[in-house]
file my_file_34.pdb (PDB, C-alpha atoms)
ATOM      1  CA  MET A1228       0.000   0.000   0.000  1.00  0.00           C
ATOM      2  CA  MET A1229       0.984   3.589  -0.435  1.00  0.00           C
ATOM      3  CA  GLU A1230       2.065   5.961   2.270  1.00  0.00           C
ATOM      4  CA  ASN A1231      -0.886   7.899   3.662  1.00  0.00           C
ATOM      5  CA  SER A1232      -3.294   5.645   1.793  1.00  0.00           C
ATOM      6  CA  GLU A1233      -5.826   6.184   4.593  1.00  0.00           C
ATOM      7  CA  ASN A1234      -6.261   9.726   3.224  1.00  0.00           C
ATOM      8  CA  LEU A1235      -7.070   8.573  -0.305  1.00  0.00           C
ATOM      9  CA  SER A1236     -10.461   7.683  -1.659  1.00  0.00           C
ATOM     10  CA  ARG A1237     -10.666   4.086  -2.801  1.00  0.00           C
ATOM     11  CA  GLU A1238     -11.088   5.331  -6.388  1.00  0.00           C
ATOM     12  CA  ILE A1239      -7.855   7.351  -6.326  1.00  0.00           C
ATOM     13  CA  GLU A1240      -6.036   4.505  -4.618  1.00  0.00           C
ATOM     14  CA  TRP A1241      -7.290   2.094  -7.304  1.00  0.00           C
ATOM     15  CA  PHE A1242      -6.158   4.470 -10.076  1.00  0.00           C
ATOM     16  CA  MET A1243      -2.683   4.975  -8.640  1.00  0.00           C
ATOM     17  CA  GLU A1244      -2.162   1.289  -7.844  1.00  0.00           C
ATOM     18  CA  THR A1245      -3.457   0.132 -11.250  1.00  0.00           C
ATOM     19  CA  LEU A1246      -1.174   2.533 -13.124  1.00  0.00           C
ATOM     20  CA  LYS A1247       1.781   1.346 -11.057  1.00  0.00           C
ATOM     21  CA  LYS A1248       1.042  -2.401 -11.165  1.00  0.00           C
ATOM     22  CA  ASP A1249      -0.291  -2.780 -14.718  1.00  0.00           C
ATOM     23  CA  PHE A1250       1.510  -0.004 -16.604  1.00  0.00           C
ATOM     24  CA  GLN A1251       4.585   0.829 -14.470  1.00  0.00           C
ATOM     25  CA  ILE A1252       3.464   4.468 -14.177  1.00  0.00           C
ATOM     26  CA  VAL A1253       4.167   5.980 -10.762  1.00  0.00           C
ATOM     27  CA  ILE A1254       2.270   9.160  -9.961  1.00  0.00           C
ATOM     28  CA  GLN A1255       1.783  11.415  -6.987  1.00  0.00           C
ATOM     29  CA  ILE A1256      -1.655  12.358  -5.734  1.00  0.00           C
ATOM     30  CA  SER A1257      -0.856  16.026  -6.385  1.00  0.00           C
ATOM     31  CA  GLU A1258      -0.591  15.260 -10.130  1.00  0.00           C
ATOM     32  CA  ILE A1259      -4.140  13.913 -10.432  1.00  0.00           C
ATOM     33  CA  GLY A1260      -7.030  15.977 -11.730  1.00  0.00           C
ATOM     34  CA  LEU A1261     -10.318  14.772 -10.295  1.00  0.00           C
ATOM     35  CA  GLU A1262     -13.928  15.197 -11.310  1.00  0.00           C
ATOM     36  CA  ALA A1263     -17.113  13.604 -10.025  1.00  0.00           C
ATOM     37  CA  THR A1264     -20.235  13.856 -12.151  1.00  0.00           C
ATOM     38  CA  GLU A1265     -23.526  12.217 -13.005  1.00  0.00           C
ATOM     39  CA  LEU A1266     -24.113  11.540 -16.682  1.00  0.00           C
ATOM     40  CA  GLY A1267     -26.927   9.961 -18.611  1.00  0.00           C
ATOM     41  CA  VAL A1268     -26.129   6.814 -20.558  1.00  0.00           C
ATOM     42  CA  ASP A1269     -26.743   8.732 -23.794  1.00  0.00           C
ATOM     43  CA  GLU A1270     -24.077  11.313 -22.797  1.00  0.00           C
ATOM     44  CA  VAL A1271     -21.251   8.770 -22.653  1.00  0.00           C
ATOM     45  CA  GLU A1272     -19.565   7.099 -25.596  1.00  0.00           C
ATOM     46  CA  ASN A1273     -20.635   3.464 -26.021  1.00  0.00           C
ATOM     47  CA  PHE A1274     -16.984   2.348 -26.082  1.00  0.00           C
ATOM     48  CA  PHE A1275     -16.649   3.608 -22.506  1.00  0.00           C
ATOM     49  CA  VAL A1276     -19.885   2.069 -21.194  1.00  0.00           C
ATOM     50  CA  PRO A1277     -20.644  -0.913 -23.447  1.00  0.00           C
ATOM     51  CA  GLN A1278     -24.407  -0.983 -23.108  1.00  0.00           C
ATOM     52  CA  GLU A1279     -24.731  -4.497 -24.510  1.00  0.00           C
ATOM     53  CA  ILE A1280     -23.083  -6.051 -21.436  1.00  0.00           C
ATOM     54  CA  PHE A1281     -25.536  -4.611 -18.917  1.00  0.00           C
ATOM     55  CA  THR A1282     -28.747  -6.575 -18.503  1.00  0.00           C
ATOM     56  CA  GLU A1283     -30.452  -3.601 -16.857  1.00  0.00           C
ATOM     57  CA  LEU A1284     -29.044  -0.246 -17.791  1.00  0.00           C
ATOM     58  CA  PRO A1285     -29.939   2.661 -15.508  1.00  0.00           C
ATOM     59  CA  ASP A1286     -30.691   6.064 -17.032  1.00  0.00           C
ATOM     60  CA  THR A1287     -27.612   7.569 -15.364  1.00  0.00           C
ATOM     61  CA  PHE A1288     -24.346   6.555 -13.755  1.00  0.00           C
ATOM     62  CA  LEU A1289     -22.262   8.444 -11.239  1.00  0.00           C
ATOM     63  CA  TYR A1290     -18.643   8.798 -12.346  1.00  0.00           C
ATOM     64  CA  GLU A1291     -15.403   9.591 -10.630  1.00  0.00           C
ATOM     65  CA  LEU A1292     -12.799  10.530 -13.235  1.00  0.00           C
ATOM     66  CA  MET A1293      -9.095  10.867 -12.528  1.00  0.00           C
ATOM     67  CA  VAL A1294      -6.675  12.341 -15.075  1.00  0.00           C
ATOM     68  CA  VAL A1295      -2.888  12.542 -15.090  1.00  0.00           C
ATOM     69  CA  ASP A1296      -0.244  13.256 -17.722  1.00  0.00           C
ATOM     70  CA  ASP A1297       2.916  11.151 -17.597  1.00  0.00           C
ATOM     71  CA  GLU A1298       6.470  12.363 -18.254  1.00  0.00           C
ATOM     72  CA  GLU A1299       6.095  11.572 -21.965  1.00  0.00           C
ATOM     73  CA  GLY A1300       2.953  13.693 -22.317  1.00  0.00           C
ATOM     74  CA  ASN A1301       0.485  10.794 -22.429  1.00  0.00           C
ATOM     75  CA  GLU A1302      -2.912  11.438 -20.876  1.00  0.00           C
ATOM     76  CA  TRP A1303      -4.075   8.657 -18.544  1.00  0.00           C
ATOM     77  CA  VAL A1304      -7.707   8.627 -17.417  1.00  0.00           C
ATOM     78  CA  GLY A1305      -9.172   6.388 -14.769  1.00  0.00           C
ATOM     79  CA  GLY A1306     -12.917   6.196 -14.631  1.00  0.00           C
ATOM     80  CA  VAL A1307     -15.054   4.512 -12.015  1.00  0.00           C
ATOM     81  CA  ALA A1308     -18.806   4.328 -12.547  1.00  0.00           C
ATOM     82  CA  PHE A1309     -21.376   3.677  -9.837  1.00  0.00           C
ATOM     83  CA  TYR A1310     -24.965   2.613 -10.114  1.00  0.00           C
ATOM     84  CA  PRO A1311     -27.229   5.401  -8.872  1.00  0.00           C
ATOM     85  CA  ASP A1312     -27.926   5.319  -5.138  1.00  0.00           C
ATOM     86  CA  THR A1313     -25.201   2.792  -4.321  1.00  0.00           C
ATOM     87  CA  PRO A1314     -21.503   2.988  -3.469  1.00  0.00           C
ATOM     88  CA  ASN A1315     -20.810  -0.157  -5.512  1.00  0.00           C
ATOM     89  CA  TRP A1316     -18.643   0.146  -8.586  1.00  0.00           C
ATOM     90  CA  CYS A1317     -20.077  -1.255 -11.797  1.00  0.00           C
ATOM     91  CA  LEU A1318     -17.325  -0.178 -14.177  1.00  0.00           C
ATOM     92  CA  GLN A1319     -13.620   0.604 -13.940  1.00  0.00           C
ATOM     93  CA  VAL A1320     -11.774   1.901 -16.979  1.00  0.00           C
ATOM     94  CA  ILE A1321      -8.210   3.002 -17.696  1.00  0.00           C
ATOM     95  CA  THR A1322      -7.481   4.884 -20.921  1.00  0.00           C
ATOM     96  CA  LYS A1323      -4.269   6.208 -22.382  1.00  0.00           C
ATOM     97  CA  ASN A1324      -4.672   8.982 -24.940  1.00  0.00           C
ATOM     98  CA  SER A1325      -8.381   8.073 -25.288  1.00  0.00           C
ATOM     99  CA  LYS A1326      -7.684   4.374 -25.988  1.00  0.00           C
ATOM    100  CA  ILE A1327      -9.114   1.844 -23.514  1.00  0.00           C
ATOM    101  CA  LEU A1328      -6.381  -0.304 -22.005  1.00  0.00           C
ATOM    102  CA  LYS A1329      -8.335  -1.874 -19.155  1.00  0.00           C
ATOM    103  CA  ARG A1330     -12.039  -2.311 -18.422  1.00  0.00           C
ATOM    104  CA  ILE A1331     -13.639  -4.218 -15.567  1.00  0.00           C
ATOM    105  CA  VAL A1332     -17.419  -4.578 -15.433  1.00  0.00           C
ATOM    106  CA  THR A1333     -19.178  -5.671 -12.258  1.00  0.00           C
ATOM    107  CA  LEU A1334     -22.801  -6.538 -12.840  1.00  0.00           C
ATOM    108  CA  PRO A1335     -25.299  -6.260  -9.966  1.00  0.00           C
ATOM    109  CA  GLN A1336     -26.128  -9.494  -8.201  1.00  0.00           C
TER     110      GLN A1336
END
call {"tool": "encode", "arguments": {"input": "my_file_34.pdb", "output": "structure tokens"}}
result
Amino acid sequence: MMENSENLSREIEWFMETLKKDFQIVIQISEIGLEATELGVDEVENFFVPQEIFTELPDTFLYELMVVDDEEGNEWVGGVAFYPDTPNWCLQVITKNSKILKRIVTLPQ
């Protein structure tokens, strides 16, 4: 775990750890841009939220987006989507320069 990880949200911790473990990109929390928003399914590109894999698709998702540029000028984005009214993640995505490199979908049980 990272130093001071108790001060990080689980989404930021996931983003930092995934970049380090899967892509060998080490970042500092101060380098991360963060945005939380609620978007309708029709406002998000289908490649980001593949609608065909969800059996029941809500009208909106809550998103936490984290953005960082690496030393080579690549833009890394981590996105975590939540079902409305629940803290449970349903989608985790890592992109590099707008290309999806990792996507994990967790369907409701």
call {"tool": "closest_residue", "arguments": {"input": "my_file_34.pdb", "among": "A:Met1243, A:Ser1257, A:Lys1323, A:Lys1248", "to": "Glu1299 of chain A", "atoms": "only C-alpha atoms"}}
result
A:Lys1323
call {"tool": "closest_residue", "arguments": {"input": "my_file_34.pdb", "among": "A:Glu1258, A:Asp1286, A:Glu1298, A:Asp1249", "to": "Pro1311 of chain A", "atoms": "all atoms listed in the file"}}
result
A:Asp1286
call {"tool": "atom_distance", "arguments": {"input": "my_file_34.pdb", "atom1": "atom CA of Asn1324 of chain A", "atom2": "atom CA of Asn1301 of chain A"}}
result
6.0 Å
call {"tool": "atom_distance", "arguments": {"input": "my_file_34.pdb", "atom1": "atom CA of Ile1321 of chain A", "atom2": "atom CA of Thr1245 of chain A"}}
result
8.5 Å
call {"tool": "closest_residue", "arguments": {"input": "my_file_34.pdb", "among": "A:Val1294, A:Val1332, A:Lys1326, A:Leu1235", "to": "Ala1308 of chain A", "atoms": "all atoms listed in the file"}}
result
A:Val1332
call {"tool": "resolve_selection", "arguments": {"input": "my_file_34.pdb", "expression": "the PyMOL selection byres ((chain A and resi 1246) around 12)", "output": "ChimeraX atom specification"}}
result
/A:1239-1245,1247-1255,1293-1297,1302-1305,1320-1323,1328-1329
call {"tool": "resolve_selection", "arguments": {"input": "my_file_34.pdb", "expression": "the PyMOL selection byres ((chain A and resi 1263) around 6)", "output": "number ranges by chain"}}
result
A: 1262, 1264, 1290-1291
call {"tool": "atom_distance", "arguments": {"input": "my_file_34.pdb", "atom1": "atom CA of Leu1289 of chain A", "atom2": "atom CA of Asp1269 of chain A"}}
result
13.3 Å
call {"tool": "residues_around", "arguments": {"input": "my_file_34.pdb", "residues": "Gln1319 of chain A", "least_positions_apart": "2", "cutoff": "6 Å", "atoms": "all atoms listed in the file", "output": "list of chain:residue names"}}
result
A:Gly1306, A:Val1307, A:Arg1330, A:Ile1331
